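What follows is the content of query-v1.cif (mmCIF, N, CA and C atoms).
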```cif
data_model
loop_
_atom_site.label_atom_id
_atom_site.label_comp_id
_atom_site.auth_asym_id
_atom_site.auth_seq_id
_atom_site.Cartn_x
_atom_site.Cartn_y
_atom_site.Cartn_z
N VAL F 26 -93.84 208.40 87.93
CA VAL F 26 -93.78 207.30 86.98
C VAL F 26 -94.55 206.10 87.53
N ARG F 27 -94.42 205.86 88.83
CA ARG F 27 -95.16 204.73 89.43
C ARG F 27 -96.67 204.91 89.24
N ARG F 28 -97.17 206.11 89.48
CA ARG F 28 -98.61 206.38 89.33
C ARG F 28 -99.04 206.26 87.87
N LEU F 29 -98.23 206.77 86.96
CA LEU F 29 -98.52 206.67 85.54
C LEU F 29 -98.62 205.20 85.13
N LYS F 30 -97.70 204.39 85.62
CA LYS F 30 -97.70 202.97 85.28
C LYS F 30 -98.95 202.27 85.83
N GLN F 31 -99.40 202.67 87.01
CA GLN F 31 -100.61 202.08 87.60
C GLN F 31 -101.87 202.52 86.86
N ASP F 32 -101.93 203.77 86.45
CA ASP F 32 -103.14 204.33 85.84
C ASP F 32 -103.25 204.07 84.34
N PHE F 33 -102.13 203.82 83.66
CA PHE F 33 -102.12 203.71 82.21
C PHE F 33 -102.14 202.25 81.79
N GLU F 34 -103.08 201.88 80.93
CA GLU F 34 -103.13 200.53 80.39
C GLU F 34 -102.46 200.53 79.03
N GLY F 35 -101.32 199.92 78.95
CA GLY F 35 -100.59 199.88 77.70
C GLY F 35 -99.09 199.93 77.96
N THR F 36 -98.35 200.12 76.91
CA THR F 36 -96.90 200.13 76.99
C THR F 36 -96.39 201.56 77.14
N ILE F 37 -95.49 201.75 78.06
CA ILE F 37 -94.82 203.04 78.24
C ILE F 37 -93.37 202.81 77.84
N GLY F 38 -92.88 203.59 76.89
CA GLY F 38 -91.52 203.39 76.40
C GLY F 38 -90.63 204.58 76.67
N ILE F 39 -89.35 204.28 76.82
CA ILE F 39 -88.33 205.33 76.96
C ILE F 39 -87.36 205.14 75.81
N ILE F 40 -87.20 206.16 75.01
CA ILE F 40 -86.31 206.05 73.85
C ILE F 40 -85.17 207.04 74.01
N GLY F 41 -83.96 206.52 74.13
CA GLY F 41 -82.77 207.35 74.09
C GLY F 41 -82.47 208.19 75.31
N SER F 42 -82.95 207.83 76.48
CA SER F 42 -82.64 208.61 77.67
C SER F 42 -81.98 207.71 78.71
N ALA F 43 -80.66 207.58 78.61
CA ALA F 43 -79.92 206.72 79.53
C ALA F 43 -80.07 207.20 80.97
N LYS F 44 -80.07 208.51 81.18
CA LYS F 44 -80.20 209.04 82.55
C LYS F 44 -81.55 208.67 83.17
N LEU F 45 -82.63 208.77 82.40
CA LEU F 45 -83.95 208.40 82.92
C LEU F 45 -84.00 206.91 83.22
N VAL F 46 -83.50 206.09 82.32
CA VAL F 46 -83.48 204.64 82.55
C VAL F 46 -82.66 204.32 83.80
N GLN F 47 -81.50 204.94 83.94
CA GLN F 47 -80.66 204.69 85.11
C GLN F 47 -81.37 205.09 86.40
N SER F 48 -82.16 206.16 86.36
CA SER F 48 -82.86 206.59 87.57
C SER F 48 -84.02 205.64 87.91
N LEU F 49 -84.58 204.95 86.90
CA LEU F 49 -85.69 204.05 87.14
C LEU F 49 -85.24 202.62 87.49
N MET F 50 -84.03 202.25 87.12
CA MET F 50 -83.56 200.87 87.37
C MET F 50 -83.70 200.44 88.82
N PRO F 51 -83.24 201.21 89.78
CA PRO F 51 -83.32 200.76 91.18
C PRO F 51 -84.75 200.71 91.73
N THR F 52 -85.72 201.30 91.05
CA THR F 52 -87.10 201.36 91.55
C THR F 52 -87.95 200.17 91.12
N ASP F 53 -87.39 199.29 90.30
CA ASP F 53 -88.13 198.12 89.77
C ASP F 53 -89.36 198.52 88.96
N LEU F 54 -89.30 199.65 88.28
CA LEU F 54 -90.43 200.09 87.46
C LEU F 54 -90.28 199.68 85.99
N ILE F 55 -89.14 199.11 85.62
CA ILE F 55 -88.91 198.71 84.24
C ILE F 55 -89.21 197.22 84.11
N ASP F 56 -90.16 196.88 83.22
CA ASP F 56 -90.58 195.49 83.03
C ASP F 56 -89.81 194.81 81.91
N GLU F 57 -89.29 195.59 80.97
CA GLU F 57 -88.62 194.99 79.82
C GLU F 57 -87.62 195.98 79.23
N TYR F 58 -86.48 195.47 78.83
CA TYR F 58 -85.45 196.28 78.19
C TYR F 58 -85.33 195.85 76.74
N HIS F 59 -85.40 196.80 75.81
CA HIS F 59 -85.15 196.55 74.40
C HIS F 59 -83.86 197.30 74.06
N LEU F 60 -82.81 196.58 73.79
CA LEU F 60 -81.52 197.20 73.50
C LEU F 60 -81.15 196.91 72.05
N GLN F 61 -80.69 197.94 71.36
CA GLN F 61 -80.22 197.77 69.99
C GLN F 61 -78.73 198.05 69.97
N VAL F 62 -77.99 197.09 69.44
CA VAL F 62 -76.54 197.21 69.34
C VAL F 62 -76.19 197.47 67.88
N TYR F 63 -75.52 198.59 67.64
CA TYR F 63 -75.15 198.98 66.28
C TYR F 63 -73.67 198.71 66.06
N PRO F 64 -73.32 198.16 64.88
CA PRO F 64 -71.91 197.85 64.60
C PRO F 64 -71.13 199.11 64.21
N LEU F 65 -70.81 199.92 65.23
CA LEU F 65 -70.13 201.19 65.01
C LEU F 65 -69.19 201.41 66.18
N VAL F 66 -67.96 201.76 65.87
CA VAL F 66 -66.99 202.01 66.93
C VAL F 66 -66.84 203.52 67.11
N LEU F 67 -67.17 204.00 68.31
CA LEU F 67 -67.09 205.42 68.59
C LEU F 67 -65.91 205.78 69.49
N GLY F 68 -65.42 204.80 70.23
CA GLY F 68 -64.33 205.07 71.16
C GLY F 68 -64.82 205.42 72.54
N GLN F 69 -65.90 206.17 72.63
CA GLN F 69 -66.50 206.52 73.91
C GLN F 69 -68.00 206.57 73.72
N GLY F 70 -68.70 206.49 74.82
CA GLY F 70 -70.14 206.58 74.75
C GLY F 70 -70.73 206.63 76.14
N LYS F 71 -72.03 206.75 76.20
CA LYS F 71 -72.72 206.78 77.49
C LYS F 71 -72.97 205.33 77.94
N ARG F 72 -72.78 205.10 79.22
CA ARG F 72 -73.04 203.78 79.78
C ARG F 72 -74.48 203.71 80.24
N LEU F 73 -75.18 202.68 79.80
CA LEU F 73 -76.55 202.48 80.28
C LEU F 73 -76.53 201.79 81.63
N PHE F 74 -75.71 200.76 81.75
CA PHE F 74 -75.61 200.02 83.00
C PHE F 74 -74.40 200.51 83.75
N ASP F 75 -74.61 201.52 84.56
CA ASP F 75 -73.56 202.12 85.37
C ASP F 75 -73.50 201.38 86.70
N ASP F 76 -72.54 201.73 87.53
CA ASP F 76 -72.45 201.11 88.84
C ASP F 76 -73.61 201.58 89.71
N HIS F 77 -74.36 200.63 90.25
CA HIS F 77 -75.48 200.92 91.13
C HIS F 77 -75.27 200.18 92.44
N ASP F 78 -75.90 200.67 93.49
CA ASP F 78 -75.88 199.95 94.76
C ASP F 78 -76.57 198.59 94.61
N LYS F 79 -77.62 198.57 93.83
CA LYS F 79 -78.39 197.35 93.63
C LYS F 79 -78.09 196.80 92.24
N LYS F 80 -77.60 195.59 92.17
CA LYS F 80 -77.32 194.96 90.89
C LYS F 80 -78.64 194.46 90.30
N ILE F 81 -78.77 194.56 88.99
CA ILE F 81 -80.00 194.18 88.31
C ILE F 81 -79.70 192.98 87.42
N GLY F 82 -80.32 191.84 87.76
CA GLY F 82 -80.16 190.65 86.93
C GLY F 82 -81.16 190.69 85.78
N LEU F 83 -80.70 190.34 84.60
CA LEU F 83 -81.58 190.34 83.43
C LEU F 83 -81.60 188.96 82.79
N ARG F 84 -82.76 188.61 82.22
CA ARG F 84 -82.93 187.34 81.52
C ARG F 84 -83.26 187.64 80.06
N LEU F 85 -82.46 187.11 79.14
CA LEU F 85 -82.69 187.32 77.71
C LEU F 85 -83.95 186.57 77.29
N VAL F 86 -84.91 187.29 76.68
CA VAL F 86 -86.15 186.67 76.24
C VAL F 86 -86.28 186.63 74.72
N HIS F 87 -85.50 187.45 74.02
CA HIS F 87 -85.55 187.47 72.55
C HIS F 87 -84.31 188.16 72.01
N SER F 88 -83.84 187.67 70.88
CA SER F 88 -82.76 188.37 70.18
C SER F 88 -82.98 188.21 68.69
N GLN F 89 -82.51 189.20 67.94
CA GLN F 89 -82.66 189.17 66.49
C GLN F 89 -81.51 189.95 65.88
N VAL F 90 -80.94 189.40 64.81
CA VAL F 90 -79.87 190.07 64.09
C VAL F 90 -80.42 190.47 62.73
N TYR F 91 -80.28 191.73 62.39
CA TYR F 91 -80.75 192.25 61.11
C TYR F 91 -79.63 192.22 60.08
N SER F 92 -79.96 192.27 58.81
CA SER F 92 -78.96 192.21 57.74
C SER F 92 -77.99 193.39 57.81
N SER F 93 -78.38 194.48 58.43
CA SER F 93 -77.52 195.65 58.59
C SER F 93 -76.44 195.42 59.65
N GLY F 94 -76.59 194.34 60.44
CA GLY F 94 -75.67 194.07 61.52
C GLY F 94 -76.19 194.51 62.88
N VAL F 95 -77.30 195.24 62.89
CA VAL F 95 -77.90 195.68 64.14
C VAL F 95 -78.44 194.44 64.88
N ILE F 96 -78.21 194.41 66.18
CA ILE F 96 -78.69 193.31 67.02
C ILE F 96 -79.72 193.87 67.99
N LEU F 97 -80.89 193.25 68.01
CA LEU F 97 -81.94 193.62 68.96
C LEU F 97 -81.92 192.60 70.09
N LEU F 98 -81.84 193.08 71.32
CA LEU F 98 -81.84 192.22 72.50
C LEU F 98 -82.99 192.65 73.39
N MET F 99 -83.81 191.69 73.82
CA MET F 99 -84.92 192.00 74.72
C MET F 99 -84.69 191.21 76.02
N TYR F 100 -84.72 191.93 77.14
CA TYR F 100 -84.48 191.33 78.45
C TYR F 100 -85.63 191.63 79.40
N HIS F 101 -85.87 190.71 80.32
CA HIS F 101 -86.76 190.94 81.45
C HIS F 101 -85.90 190.93 82.71
N PRO F 102 -86.22 191.79 83.66
CA PRO F 102 -85.50 191.73 84.94
C PRO F 102 -85.82 190.41 85.64
N ASN F 103 -84.83 189.85 86.31
CA ASN F 103 -85.07 188.64 87.10
C ASN F 103 -85.96 188.97 88.27
N SER F 104 -86.85 188.08 88.61
CA SER F 104 -87.71 188.27 89.79
C SER F 104 -86.87 188.12 91.04
N THR F 105 -87.19 188.91 92.04
CA THR F 105 -86.44 188.82 93.30
C THR F 105 -87.26 188.12 94.35
#
```
Would you encode the structure as structure tokens?
Amino acid sequence: VRRLKQDFEGTIGIIGSAKLVQSLMPTDLIDEYHLQVYPLVLGQGKRLFDDHDKKIGLRLVHSQVYSSGVILLMYHPNST
């Protein structure tokens, strides 16, 4: 993934793979998080932000609420 990011000019996106995102979080390869929150109660679900050895600080850069109730949140990782 690191080599792909260096060689590819453009945006690389991950859609719907919490395990892949979790594996990339500690490597500092993610530049931006786009999270969509849906107004639906399931009772259980997959955790995107699981317990990690390294805590990841995020800074909110954009948010938008749609008429459907969906909330879009865009975050950048804090610089270390």
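Relative to atom N of Ile96 of chain F, atom N of Thr52 of chain F is found at 26.9 Å.
Once the PyMOL selection byres ((chain F and resi 84) around 6) is applied to the depicted file, the selected set reads F:Gly82, F:Leu83, F:Leu85, F:Val86, F:Met99, F:Tyr100, F:His101, F:Pro102, F:Asn103.
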Restrict the selected residues to N, CA and C atoms and save them as a compact mmCIF listing (two decimals), keeping the file's coordinate frame.
```txt
# COMPACT_ATOMS: atom_id res chain seq x y z
N GLY F 82 -80.32 191.84 87.76
CA GLY F 82 -80.16 190.65 86.93
C GLY F 82 -81.16 190.69 85.78
N LEU F 83 -80.70 190.34 84.60
CA LEU F 83 -81.58 190.34 83.43
C LEU F 83 -81.60 188.96 82.79
N LEU F 85 -82.46 187.11 79.14
CA LEU F 85 -82.69 187.32 77.71
C LEU F 85 -83.95 186.57 77.29
N VAL F 86 -84.91 187.29 76.68
CA VAL F 86 -86.15 186.67 76.24
C VAL F 86 -86.28 186.63 74.72
N MET F 99 -83.81 191.69 73.82
CA MET F 99 -84.92 192.00 74.72
C MET F 99 -84.69 191.21 76.02
N TYR F 100 -84.72 191.93 77.14
CA TYR F 100 -84.48 191.33 78.45
C TYR F 100 -85.63 191.63 79.40
N HIS F 101 -85.87 190.71 80.32
CA HIS F 101 -86.76 190.94 81.45
C HIS F 101 -85.90 190.93 82.71
N PRO F 102 -86.22 191.79 83.66
CA PRO F 102 -85.50 191.73 84.94
C PRO F 102 -85.82 190.41 85.64
N ASN F 103 -84.83 189.85 86.31
CA ASN F 103 -85.07 188.64 87.10
C ASN F 103 -85.96 188.97 88.27
```
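Taking atom CA of Leu97 of chain F as the reference point, atom N of Leu60 of chain F is found at 5.7 Å.
One finds atom N of Lys71 of chain F at 21.0 Å from atom N of Ile55 of chain F.
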*asked:* Given the point (-81.1, 202.1, 77.6) in the file's coordinates, find the residues that have an atom at most 8 Å from it, counting only C-alpha atoms, and give them as number ranges by chain.
replied: F: 39-43, 46-47, 58-60, 73-74
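Minimum distance to Pro51 of chain F across F:Ile81, F:Leu67, F:Val95, F:Val26 (counting only N, CA and C atoms) occurs at F:Ile81.
For chain F, backbone-based DSSP labels the following residues as helix (DSSP H, G or I): F:Arg27, F:Arg28, F:Leu29, F:Lys30, F:Gln31, F:Asp32, F:Ala43, F:Lys44, F:Leu45, F:Val46, F:Gln47, F:Ser48, F:Leu49, F:Met50, F:Pro51, F:Thr52.
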*Please identify which residues in chain F DSSP calls strand (DSSP E or B) from the backbone, and express them as a list in words.*
Tyr58, His59, Leu60, Gln61, Val62, Leu83, Arg84, Leu85, Val86, His87, Ser88, Gln89, Val90, Ile96, Leu97, Leu98, Met99, Tyr100, His101 and Pro102 of chain F
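For the residues F:Val66, F:Leu98, F:Ser88, F:Arg72, ranking by smallest atom-to-atom distance to Lys44 of chain F using only N, CA and C atoms places F:Arg72 first.
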